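Below you'll find the structure, written out as structure tokens, and then a few comments.
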Amino acid sequence: MSNLKKIQLKIYGTHCASCEVLIERRLKKIPGVEKVDVHYSTGKTEVFSSRGDISLKELGMPIKDDGYSITRWEDRYSSPDAIKNENSTEDYIQIGVMFLFVMALYLILQQFNLLPEGLGITNNMSYGFVFLIGLVAATSTCLAVAGGLLLTAAAKYSEMYPNLTGYQKFKPTLYFNVGRVASYTFFGGLIGALGSVISLSSRGTGILSIIASFVMIILGFQMLNLFPWMKRFQPRMPKFIVHKIHDLSGEDGKAGAFTLGGLTFFLPCGFTQALQLYVLAKGSFSVGALTMLAFSLGTLPMLLSLGAISSFAKGSFQKQFLRFSAVLVILLGFWNINNGLVLTGINISLASFTSNTSSTAAQVAPIVDGKQVVEMKVDGYSYSPPQFTIQQGVPVDWKIDASNAAGCAQVITVPTIGITKYLAPQGITTITFTPKDTGTIPFSCTMGMTTRGAAFTVIPNTGNVPVSVSTDNKSDEILAGLSSACDPKIASCVPNQRFSMEISRERGFYPKSFTVKKGVPVEITIDDQVPLGGCMSVMVIPQYQITLPLQIGTNKLVFTPTEVGTIYATCSMGIKMIQFNVI
Amino acid sequence: MKTTITISGTHCNACRLLIEDMCRDVKNVQSCNVNFQTGETVIEHDENLDLQVLKNEIESSGNYVVALNR
């Protein structure tokens, strides 16, 4: 063995593990070749030969017809094949045009308000979009594996029951897909629930969505064949699980097809994995279930009509379609990264071009009575204007009109200065704070779904306004809301009605309802034992515009019911948390 | 004599070539034609071909599963 000669080669055109096996088999047939080692991701190949005179041409011959080309490892950059296998300049231009096209399309649609709420890219990732991702994913090779399994199951079925009519032959396909959709929904929900148990802080959510976004961007680049080396980052499933799934395809009948379809959830596919991460970050059973349901439905058309689509998926139309999808996936990934960054408290506007008002340069806020006054409107999920420039050390009166705010945008959170506030649907909500340091103060809704890049830019004091002596950065409004004074006009002054409740893994919100007397301040000590993420991190009593960020440990909710009836405390998106019966 | 089998796990041209390669190495097989998109594989062979041997050979590579249609 010691006299074996090692030859290092670069093979172009390798893209999967099958290529490795194929090339190794072919090259081993050359007389003298003892051992071959191929790495498909890099194309690096080592050939061990007992003959010293083996030529490059001889090595290239057996695989030339299969579409591979070969060069010495040292020549891998200078070889003409190196250029041939990369995208041509024309390809790059086309990809660039595609990027511009998608962005222009988005801007135009936004301009004319044609972006439906359900498909808005700004709206984090909506189900409509997840469905689209499903459609795209189904045309990629990663789902072809599922398709192959399906065909095997179908073939097995017709093998067992040879005299079937057309519809009956279609049955296993049906079972397979029902199993698939059911399992995606169920496991999606499970992952969501898992996410809520390990309950990520908004920071954790941010980090997870950043990871998921990176996976998506890598997938997009792969589809464009831009950075082949990125292949290495694609997560993989241990081989033995894949084998287990493949083994099952040998089983017969409906249950087999159903189980098989269900198990495809665990097949390694970048798209599925990215969504699984995304769902984990969302931390909710229903969101998880619905997201994966939308995705599996998106993949359905393709899997139901395998043959038909794979023949359609050829030629230049398919090439452009793939590029369009890839560009979409990449841009979406960047958007989501930005989302994640907002949640982690970092505010780098990666996608500031999405903000429809960024063209109007933010003016330094005017000063009225020693306070800087800024006005903002909340429209759906967007802030207008989303950016303000304010001076250091001068109190800010931030007047917010939230009459058109949607969902979680009804609560605004400013992580860096610890303000979380419910925005009244009528009238103006004013938040007062004093910026202590220069830099940016990003703000968003508690779920990070609002206008990206929304922030205050704090500039050094220009000197024409006295610096406020106040060192209290907390909003006075919040403090006032928490300590409603005894009002003798409503009722005689009696001690607060005191209650306590817990939020725990075992009992959830316990107790969930309280009976309280009208006109007497209610004081509830909430013992939060679990970290609460997403909209649940903030408790709101919309009726009294009270906002209480829930933190692990003891939280105090104080309010005075003024009317007989039922009052709810909700999360920032309006989901009911506790109920008060006022008598 | 012709037989059609379905192979799952084929996702690209390399799979097609690899399987055709392995398939032709099996005794009594004359030719082998794989459609990697559908996994449908047409084999031309003698009377004496043992399909089980063929199945084992292809599955031995670890990436594919063979279903023998009838």
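Going by the structure tokens order, chains are called A, B, ..., each with residues numbered from 1, while ligands are numbered from 1 in the order shown.
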
Proximity check chain B to chain A, 7 Å, nearest pairs one decimal Å, only C-alpha atoms, as a Markdown table:
```
| residue | atom | partner | partner_atom | distance |
| --- | --- | --- | --- | --- |
| B:Thr6 | CA | A:Thr152 | CA | 6.1 |
| B:Ile7 | CA | A:Thr152 | CA | 6.6 |
| B:Ser8 | CA | A:Gly148 | CA | 4.4 |
| B:Gly9 | CA | A:Val145 | CA | 5.5 |
| B:Thr10 | CA | A:Gly148 | CA | 6.8 |
| B:His11 | CA | A:Ala144 | CA | 6.0 |
| B:Ala14 | CA | A:Cys19 | CA | 5.2 |
| B:Cys15 | CA | A:Ser18 | CA | 5.5 |
| B:Leu18 | CA | A:Leu22 | CA | 5.1 |
| B:Gln37 | CA | A:Ser310 | CA | 6.9 |
| B:Thr38 | CA | A:Gly148 | CA | 6.6 |
| B:Gly39 | CA | A:Gly148 | CA | 6.4 |
| B:Val65 | CA | A:His246 | CA | 6.4 |
| B:Ala67 | CA | A:Thr152 | CA | 6.0 |
| B:Asn69 | CA | A:Glu159 | CA | 5.1 |
| B:Arg70 | CA | A:Glu159 | CA | 5.5 |
```

Suppose we keep N, CA, C and O atoms; can you now write the selection as an mmCIF file, in the first residue's frame?
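The resulting file, result_18.cif, is shown below:
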```cif
data_model
loop_
_atom_site.group_PDB
_atom_site.id
_atom_site.type_symbol
_atom_site.label_atom_id
_atom_site.label_comp_id
_atom_site.auth_asym_id
_atom_site.auth_seq_id
_atom_site.Cartn_x
_atom_site.Cartn_y
_atom_site.Cartn_z
ATOM 1 N N THR B 6 -40.117 0.158 -9.163
ATOM 2 C CA THR B 6 -40.085 1.557 -8.716
ATOM 3 C C THR B 6 -39.047 1.708 -7.601
ATOM 4 O O THR B 6 -39.032 0.919 -6.662
ATOM 5 N N ILE B 7 -38.203 2.683 -7.773
ATOM 6 C CA ILE B 7 -37.155 2.905 -6.790
ATOM 7 C C ILE B 7 -37.383 4.256 -6.143
ATOM 8 O O ILE B 7 -37.553 5.268 -6.833
ATOM 9 N N SER B 8 -37.404 4.276 -4.826
ATOM 10 C CA SER B 8 -37.572 5.578 -4.177
ATOM 11 C C SER B 8 -36.238 6.066 -3.655
ATOM 12 O O SER B 8 -35.349 5.276 -3.362
ATOM 13 N N GLY B 9 -36.113 7.346 -3.582
ATOM 14 C CA GLY B 9 -34.866 7.935 -3.108
ATOM 15 C C GLY B 9 -34.047 8.507 -4.243
ATOM 16 O O GLY B 9 -33.002 9.099 -4.021
ATOM 17 N N THR B 10 -34.526 8.340 -5.472
ATOM 18 C CA THR B 10 -33.776 8.905 -6.599
ATOM 19 C C THR B 10 -34.163 10.371 -6.723
ATOM 20 O O THR B 10 -35.323 10.699 -6.795
ATOM 21 N N HIS B 11 -33.188 11.245 -6.736
ATOM 22 C CA HIS B 11 -33.558 12.658 -6.834
ATOM 23 C C HIS B 11 -32.755 13.413 -7.874
ATOM 24 O O HIS B 11 -32.983 14.581 -8.087
ATOM 25 N N ALA B 14 -27.406 11.819 -11.024
ATOM 26 C CA ALA B 14 -26.352 10.956 -10.508
ATOM 27 C C ALA B 14 -26.941 9.666 -9.955
ATOM 28 O O ALA B 14 -26.366 8.591 -10.111
ATOM 29 N N CYS B 15 -28.127 9.805 -9.334
ATOM 30 C CA CYS B 15 -28.798 8.614 -8.816
ATOM 31 C C CYS B 15 -29.129 7.674 -9.967
ATOM 32 O O CYS B 15 -28.953 6.458 -9.881
ATOM 33 N N LEU B 18 -26.017 5.997 -11.196
ATOM 34 C CA LEU B 18 -25.512 5.062 -10.192
ATOM 35 C C LEU B 18 -26.334 3.779 -10.190
ATOM 36 O O LEU B 18 -25.790 2.672 -10.205
ATOM 37 N N GLN B 37 -36.998 11.112 -11.853
ATOM 38 C CA GLN B 37 -38.056 11.948 -11.294
ATOM 39 C C GLN B 37 -39.184 11.118 -10.697
ATOM 40 O O GLN B 37 -39.775 11.484 -9.697
ATOM 41 N N THR B 38 -39.486 9.997 -11.366
ATOM 42 C CA THR B 38 -40.567 9.166 -10.858
ATOM 43 C C THR B 38 -40.040 7.938 -10.142
ATOM 44 O O THR B 38 -40.761 7.282 -9.404
ATOM 45 N N GLY B 39 -38.782 7.608 -10.347
ATOM 46 C CA GLY B 39 -38.204 6.407 -9.753
ATOM 47 C C GLY B 39 -38.547 5.153 -10.555
ATOM 48 O O GLY B 39 -38.116 4.056 -10.223
ATOM 49 N N VAL B 65 -34.762 2.557 -1.952
ATOM 50 C CA VAL B 65 -35.631 1.441 -1.607
ATOM 51 C C VAL B 65 -36.338 1.012 -2.874
ATOM 52 O O VAL B 65 -36.806 1.840 -3.653
ATOM 53 N N ALA B 67 -39.276 -1.146 -4.870
ATOM 54 C CA ALA B 67 -40.567 -1.831 -4.809
ATOM 55 C C ALA B 67 -40.741 -2.608 -6.102
ATOM 56 O O ALA B 67 -40.594 -2.044 -7.186
ATOM 57 N N ASN B 69 -42.882 -4.111 -8.721
ATOM 58 C CA ASN B 69 -44.268 -4.091 -9.217
ATOM 59 C C ASN B 69 -44.571 -5.449 -9.836
ATOM 60 O O ASN B 69 -43.685 -6.231 -10.108
ATOM 61 N N ARG B 70 -45.827 -5.692 -10.083
ATOM 62 C CA ARG B 70 -46.129 -6.951 -10.750
ATOM 63 C C ARG B 70 -47.106 -6.732 -11.877
ATOM 64 O O ARG B 70 -47.869 -5.784 -11.850
#
```

List every residue of segment 39-70 of chain B that DSSP, applied to the backbone of this structure, places in strand (DSSP E), and write the result as a count of residues only. 10

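Picture a line from atom CA of Val97 of chain A to atom CA of Met216 of chain A; it runs 20.5 Å.
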
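Residues of chain B that DSSP places in alpha helix (DSSP H), based on the backbone of this structure, are Asn13, Ala14, Cys15, Arg16, Leu17, Leu18, Ile19, Glu20, Asp21, Met22, Cys23, Arg24, Leu51, Gln52, Val53, Leu54, Lys55, Asn56, Glu57, Ile58 and Glu59 of chain B.
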